[in-house]
Amino acid sequence: NKRMRKRIIFVECRCNHTLFKYEKVGAGKLIKCYLPRILEDYTGIPTRVPFGTDIFCPRCRKRIGTIYGVRGVSAVKLNQGQIQPFRLG
């Protein structure tokens with residue numbers, strides 16, 4: 001039984017603007033960011049944001065993801081083409 005590793009990472013847009021300081025749990029590709037695990041938000045996601053809301057990079061104004069619910073928790077489903085590649089192995 002492996003314990004899940006937690007790491008603090010910085011999620012960046014393709015334009016090199018830092019979007020989030022995020023607590024990544026487990027290995028693998030970053031697909032979504034759960035809102036409670038975002039330690040610092042540099043995009044201005046409002047609290048109590050409705051599902052389906054698009055999130056944009058403050059610098060280049062491109063869509064970086066969409067808010068949706070995962071098992072009752074709000075998360076940002078990341079647009080993989082717009083964030084810097086990141087993978088924990």
# chains A, B, ... in the order shown; residues from 1 in each chain; ligands from 1
>>> residues_around(residues="A:Ile9", least_positions_apart="4", cutoff="8 Å", atoms="only C-alpha atoms", output="mmCIF file with N, CA and C atoms, in the first residue's frame")
data_model
loop_
_atom_site.group_PDB
_atom_site.id
_atom_site.type_symbol
_atom_site.label_atom_id
_atom_site.label_comp_id
_atom_site.auth_asym_id
_atom_site.auth_seq_id
_atom_site.Cartn_x
_atom_site.Cartn_y
_atom_site.Cartn_z
ATOM 1 N N LYS A 21 -0.528 28.159 -7.199
ATOM 2 C CA LYS A 21 0.354 27.369 -6.345
ATOM 3 C C LYS A 21 -0.556 26.264 -5.844
ATOM 4 N N TYR A 22 -0.225 24.995 -6.146
ATOM 5 C CA TYR A 22 -1.165 23.899 -5.988
ATOM 6 C C TYR A 22 -0.542 22.727 -5.252
ATOM 7 N N GLU A 23 -1.337 22.079 -4.407
ATOM 8 C CA GLU A 23 -0.895 20.890 -3.683
ATOM 9 C C GLU A 23 -1.266 19.661 -4.513
ATOM 10 N N LYS A 24 -0.289 19.111 -5.228
ATOM 11 C CA LYS A 24 -0.488 17.940 -6.088
ATOM 12 C C LYS A 24 -0.361 16.684 -5.237
#
>>> select_by_dssp(residues="stretch 10-88 of chain A", states="strand (DSSP E)", output="PyMOL selection string")
chain A and resi 10-12+18-25+28-29+32-34+38-41+54-56+63-70+73-78+87-88
>>> residues_around(residues="A:Tyr42", least_positions_apart="2", cutoff="7 Å", atoms="only C-alpha atoms", output="compact mmCIF listing (two decimals) with N, CA and C atoms, in the first residue's frame")
# COMPACT_ATOMS: atom_id res chain seq x y z
N THR A 18 2.42 32.44 -14.00
CA THR A 18 2.04 31.49 -12.95
C THR A 18 0.56 31.65 -12.65
N LEU A 19 -0.18 30.53 -12.70
CA LEU A 19 -1.62 30.54 -12.49
C LEU A 19 -2.01 30.16 -11.08
N PHE A 20 -1.41 29.09 -10.55
CA PHE A 20 -1.75 28.59 -9.22
C PHE A 20 -0.50 28.07 -8.52
N GLU A 40 -2.49 29.23 -3.58
CA GLU A 40 -2.50 30.63 -4.00
C GLU A 40 -3.03 30.68 -5.41
N GLY A 44 -7.65 34.83 -10.13
CA GLY A 44 -8.82 35.54 -9.63
C GLY A 44 -10.10 34.73 -9.70
>>> closest_residue(among="A:Gln84, A:Cys15, A:Gly65, A:Leu35", to="A:Thr47", atoms="only C-alpha atoms")
A:Leu35
>>> atom_distance(atom1="atom CA of A:Pro58", atom2="atom CA of A:Cys13")
9.7 Å
>>> closest_residue(among="A:Pro50, A:Arg71, A:Asn79, A:Arg7", to="A:Arg37", atoms="only C-alpha atoms")
A:Arg7
>>> closest_residue(among="A:Lys6, A:Cys57, A:Gly69, A:Gln82", to="A:Ile45", atoms="only C-alpha atoms")
A:Cys57
>>> closest_residue(among="A:Ile67, A:Ile83, A:Cys60, A:Val11", to="A:Asp41", atoms="only C-alpha atoms")
A:Val11
>>> residues_around(residues="A:Pro36", least_positions_apart="5", cutoff="9 Å", atoms="only C-alpha atoms", output="list in words")
Val73, Ser74 and Ala75 of chain A
>>> write_last_selection(atoms="N, CA, C and O atoms", output="CSV table (one decimal), in the first residue's frame")
chain,number,residue,atom,x,y,z
A,73,VAL,N,-16.8,18.2,-5.0
A,73,VAL,CA,-15.8,19.2,-4.8
A,73,VAL,C,-15.5,19.9,-6.1
A,73,VAL,O,-15.4,19.3,-7.2
A,74,SER,N,-15.5,21.2,-6.1
A,74,SER,CA,-15.2,22.0,-7.3
A,74,SER,C,-13.8,21.9,-7.7
A,74,SER,O,-12.8,21.8,-6.9
A,75,ALA,N,-13.6,21.8,-9.0
A,75,ALA,CA,-12.2,21.6,-9.6
A,75,ALA,C,-12.2,22.4,-10.9
A,75,ALA,O,-13.2,22.7,-11.5
>>> closest_residue(among="A:Thr66, A:Arg59, A:Tyr34, A:Thr43", to="A:Asn16", atoms="only C-alpha atoms")
A:Arg59
>>> closest_residue(among="A:His17, A:Arg3, A:Ala27, A:Gly52", to="A:Phe86", atoms="only C-alpha atoms")
A:Ala27
>>> atom_distance(atom1="atom CA of A:Leu39", atom2="atom CA of A:Pro85")
19.7 Å
>>> atom_distance(atom1="atom CA of A:Gly28", atom2="atom CA of A:Gly81")
16.7 Å
>>> decode(residues="stretch 42-56 of chain A", atoms="N, CA and C atoms", output="PDB file, in the first residue's frame")
ATOM      1  N   TYR A  42      -3.586  32.966  -8.756  1.00  0.00           N
ATOM      2  CA  TYR A  42      -3.157  34.180  -9.448  1.00  0.00           C
ATOM      3  C   TYR A  42      -4.061  34.490 -10.637  1.00  0.00           C
ATOM      4  N   THR A  43      -5.208  33.809 -10.745  1.00  0.00           N
ATOM      5  CA  THR A  43      -6.132  34.031 -11.860  1.00  0.00           C
ATOM      6  C   THR A  43      -7.388  34.780 -11.430  1.00  0.00           C
ATOM      7  N   GLY A  44      -7.649  34.833 -10.132  1.00  0.00           N
ATOM      8  CA  GLY A  44      -8.824  35.537  -9.631  1.00  0.00           C
ATOM      9  C   GLY A  44     -10.102  34.725  -9.698  1.00  0.00           C
ATOM     10  N   ILE A  45     -10.027  33.411  -9.431  1.00  0.00           N
ATOM     11  CA  ILE A  45     -11.241  32.584  -9.409  1.00  0.00           C
ATOM     12  C   ILE A  45     -12.084  33.045  -8.218  1.00  0.00           C
ATOM     13  N   PRO A  46     -13.333  33.459  -8.477  1.00  0.00           N
ATOM     14  CA  PRO A  46     -14.175  33.897  -7.353  1.00  0.00           C
ATOM     15  C   PRO A  46     -14.611  32.724  -6.486  1.00  0.00           C
ATOM     16  N   THR A  47     -14.916  32.992  -5.231  1.00  0.00           N
ATOM     17  CA  THR A  47     -15.457  31.939  -4.378  1.00  0.00           C
ATOM     18  C   THR A  47     -16.882  31.665  -4.830  1.00  0.00           C
ATOM     19  N   ARG A  48     -17.349  30.440  -4.660  1.00  0.00           N
ATOM     20  CA  ARG A  48     -18.692  30.029  -5.055  1.00  0.00           C
ATOM     21  C   ARG A  48     -18.939  30.248  -6.547  1.00  0.00           C
ATOM     22  N   VAL A  49     -17.980  29.881  -7.353  1.00  0.00           N
ATOM     23  CA  VAL A  49     -18.108  30.028  -8.803  1.00  0.00           C
ATOM     24  C   VAL A  49     -18.968  28.879  -9.344  1.00  0.00           C
ATOM     25  N   PRO A  50     -19.930  29.158 -10.249  1.00  0.00           N
ATOM     26  CA  PRO A  50     -20.792  28.094 -10.759  1.00  0.00           C
ATOM     27  C   PRO A  50     -20.064  27.150 -11.712  1.00  0.00           C
ATOM     28  N   PHE A  51     -20.530  25.899 -11.771  1.00  0.00           N
ATOM     29  CA  PHE A  51     -19.961  24.923 -12.692  1.00  0.00           C
ATOM     30  C   PHE A  51     -20.160  25.409 -14.128  1.00  0.00           C
ATOM     31  N   GLY A  52     -19.201  25.107 -14.970  1.00  0.00           N
ATOM     32  CA  GLY A  52     -19.263  25.523 -16.368  1.00  0.00           C
ATOM     33  C   GLY A  52     -18.598  26.855 -16.637  1.00  0.00           C
ATOM     34  N   THR A  53     -18.122  27.534 -15.585  1.00  0.00           N
ATOM     35  CA  THR A  53     -17.440  28.821 -15.755  1.00  0.00           C
ATOM     36  C   THR A  53     -16.043  28.594 -16.307  1.00  0.00           C
ATOM     37  N   ASP A  54     -15.692  29.319 -17.358  1.00  0.00           N
ATOM     38  CA  ASP A  54     -14.350  29.224 -17.922  1.00  0.00           C
ATOM     39  C   ASP A  54     -13.394  30.114 -17.139  1.00  0.00           C
ATOM     40  N   ILE A  55     -12.147  29.644 -16.990  1.00  0.00           N
ATOM     41  CA  ILE A  55     -11.095  30.381 -16.304  1.00  0.00           C
ATOM     42  C   ILE A  55     -10.060  30.783 -17.349  1.00  0.00           C
ATOM     43  N   PHE A  56      -9.616  32.031 -17.300  1.00  0.00           N
ATOM     44  CA  PHE A  56      -8.694  32.563 -18.295  1.00  0.00           C
ATOM     45  C   PHE A  56      -7.396  33.034 -17.658  1.00  0.00           C
TER      46      PHE A  56
END
